[in-house]
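Have a look at the structure below before the remarks.
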Amino acid sequence: VNILSEKSALKHRLHRLTCEHFKELKSQLEKTAHELSDKTKGTDADLHIKYTDKGKFECEIKFAGDILIFTLHTNIFSFNKDHYIQNLPYIKENPKRAYFGMIEIYNFIADSFKYQRLRDVGYLIARIFINEENKFFVEGQDQFGFLFNDLPNQDFSNDTIKFLIEYAILCRGEASRGHPQDGGSQQGFRPLPLVGLGSPARSTTNTPEEYCGT
């Protein structure tokens, strides 16, 4: 009973913490959108940059024909014993550190939304995992997984959030250059899947099998 109670309390604390982190991300994303809009004003009439708050669990930034969607997953996750995270000394010292909240980043073509092309697909370009100690790592396209794979030494700070957003904006083109039918030009730490625009729950339909929702 004590174990179940502790686990439940951990999950609730971690969910509240991840919600706070997502609020910080939304604030930084809005700030980034304003800064980019000011810097590009008068340079390109078609380079319209816009931030939209879609509620507690989702926000987006639109720019240069693309949309990046950031979603907060409502579940808490751990990993199977064969996942490399479980072999880190940092995790073995305290198994509670192996529980994470998750934020996902998707890339869609803006016209898919504008013209309601529900059969269009986009890319899940990154998953951000944050534990109770504010440590995090990322799995994703391009260099995401290599830049952010040092879990014990990475804090999910405001500076980190800013860098993650800027890198997501820079790498979104790489994720969308390939043809949807052939899976695109995925060169990342691990291939992340295509996801349908019309999916009723984008953030739950493509969870890899080693992620164990709790």
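FYI, nothing fancy with the structure tokens labels: chains A, B, ... in order, residues from 1 per chain, ligands from 1 as they appear.
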
(request) Give me the residues within 9 Å of Phe57 in chain A as a PyMOL selection string, counting only C-alpha atoms and dropping any in the same chain fewer than 6 places off. (result) chain A and resi 19+22+70-74

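Within the 10 Å cut-off around Lys23 in chain A, using only C-alpha atoms and omitting residues fewer than 2 positions from it on the same chain, the listed residues are Leu17, Thr18, Cys19, Glu20, His21, Leu25, Lys26, Ser27, Gln28, Leu29, Lys56, Phe57, Glu58, Cys59 and Leu72 of chain A.
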
Store the residues picked out above in a file with C-alpha atoms, as a PDB file, in the first residue's frame.
```
ATOM      1  CA  LEU A  17       5.673  20.116 -12.363  1.00  0.00           C
ATOM      2  CA  THR A  18       5.410  19.307 -16.076  1.00  0.00           C
ATOM      3  CA  CYS A  19       2.367  21.564 -16.365  1.00  0.00           C
ATOM      4  CA  GLU A  20       4.429  24.406 -14.891  1.00  0.00           C
ATOM      5  CA  HIS A  21       7.241  23.707 -17.330  1.00  0.00           C
ATOM      6  CA  LEU A  25       7.574  26.938 -22.629  1.00  0.00           C
ATOM      7  CA  LYS A  26       4.411  28.664 -23.851  1.00  0.00           C
ATOM      8  CA  SER A  27       5.613  31.988 -22.470  1.00  0.00           C
ATOM      9  CA  GLN A  28       9.003  31.594 -24.150  1.00  0.00           C
ATOM     10  CA  LEU A  29       7.434  30.486 -27.429  1.00  0.00           C
ATOM     11  CA  LYS A  56      -3.671  24.113 -21.250  1.00  0.00           C
ATOM     12  CA  PHE A  57      -2.116  21.286 -23.240  1.00  0.00           C
ATOM     13  CA  GLU A  58      -1.220  22.774 -26.627  1.00  0.00           C
ATOM     14  CA  CYS A  59       0.300  25.792 -28.324  1.00  0.00           C
ATOM     15  CA  LEU A  72       1.803  18.416 -23.124  1.00  0.00           C
TER      16      LEU A  72
END
```

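Nearest to Asn149 in chain A of all the residues A:Tyr167, A:Phe136, A:Tyr51, A:Tyr123 is A:Phe136, counting only C-alpha atoms.
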
(message) Given only C-alpha atoms as the basis, pick out the residue of A:Glu30, A:Asp66, A:Asp82, A:Asp53 nearest to Ala110 in chain A.
(response) A:Asp66

Spatial neighbours of Gly101 in chain A, 6 Å, only C-alpha atoms, chain gap at least 6 places, as a short mmCIF file (atom, residue, chain, number, x, y, z; two decimals) with C-alpha atoms, in the first residue's frame:
```cif
data_model
loop_
_atom_site.label_atom_id
_atom_site.label_comp_id
_atom_site.auth_asym_id
_atom_site.auth_seq_id
_atom_site.Cartn_x
_atom_site.Cartn_y
_atom_site.Cartn_z
CA THR A 18 5.41 19.31 -16.08
CA ILE A 76 3.54 10.14 -16.78
CA PHE A 129 11.17 13.96 -21.07
CA ILE A 130 11.41 15.82 -17.73
#
```

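With CA of His48 in chain A on one side and CA of Gln143 in chain A on the other, the separation reads 26.5 Å.
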
(request) Would you mind reading off the distance between CA of Glu139 in chain A and CA of Ile69 in chain A, one decimal, in Å? (result) 16.3 Å

(request) Could you give me the residues within range 39-172 of chain A that DSSP places in strand (DSSP E or B), as a VMD selection string? (result) chain A and resid 50 to 53 58 to 63 66 to 72 77 to 79 100 to 109 121 to 130 135 to 140 155

(request) Pick out the residues sitting within 9 Å of Leu10 in chain A, and hand them over as a count of residues only; count only C-alpha atoms, and ignore anything fewer than 4 positions along from it in its own chain. (result) 7

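Using only C-alpha atoms, the residues found no farther than 6 Å from Ile125 in chain A, other than those of its own chain fewer than 4 positions away, are Ile105, Tyr106, Gly140 and Gln141 of chain A.
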
(message) Considering only C-alpha atoms, can you say which of A:Gly55, A:Pro152, A:Gly65, A:Gly145 comes closest to Ile109 in chain A?
(response) A:Gly65

(request) Check the DSSP output for the backbone and give back, as a VMD selection string, the residues of range 46-168 of chain A in helix (DSSP H, G or I). (result) chain A and resid 84 to 87 89 to 93 95 to 98 110 to 114 144 to 147 151 to 153 158 to 168

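The protein and nucleic acid residues lying at most 9 Å from Leu36 in chain A are Lys31, Lys41 and Ile49 of chain A, with only C-alpha atoms considered and sequence neighbours fewer than 5 positions away removed.
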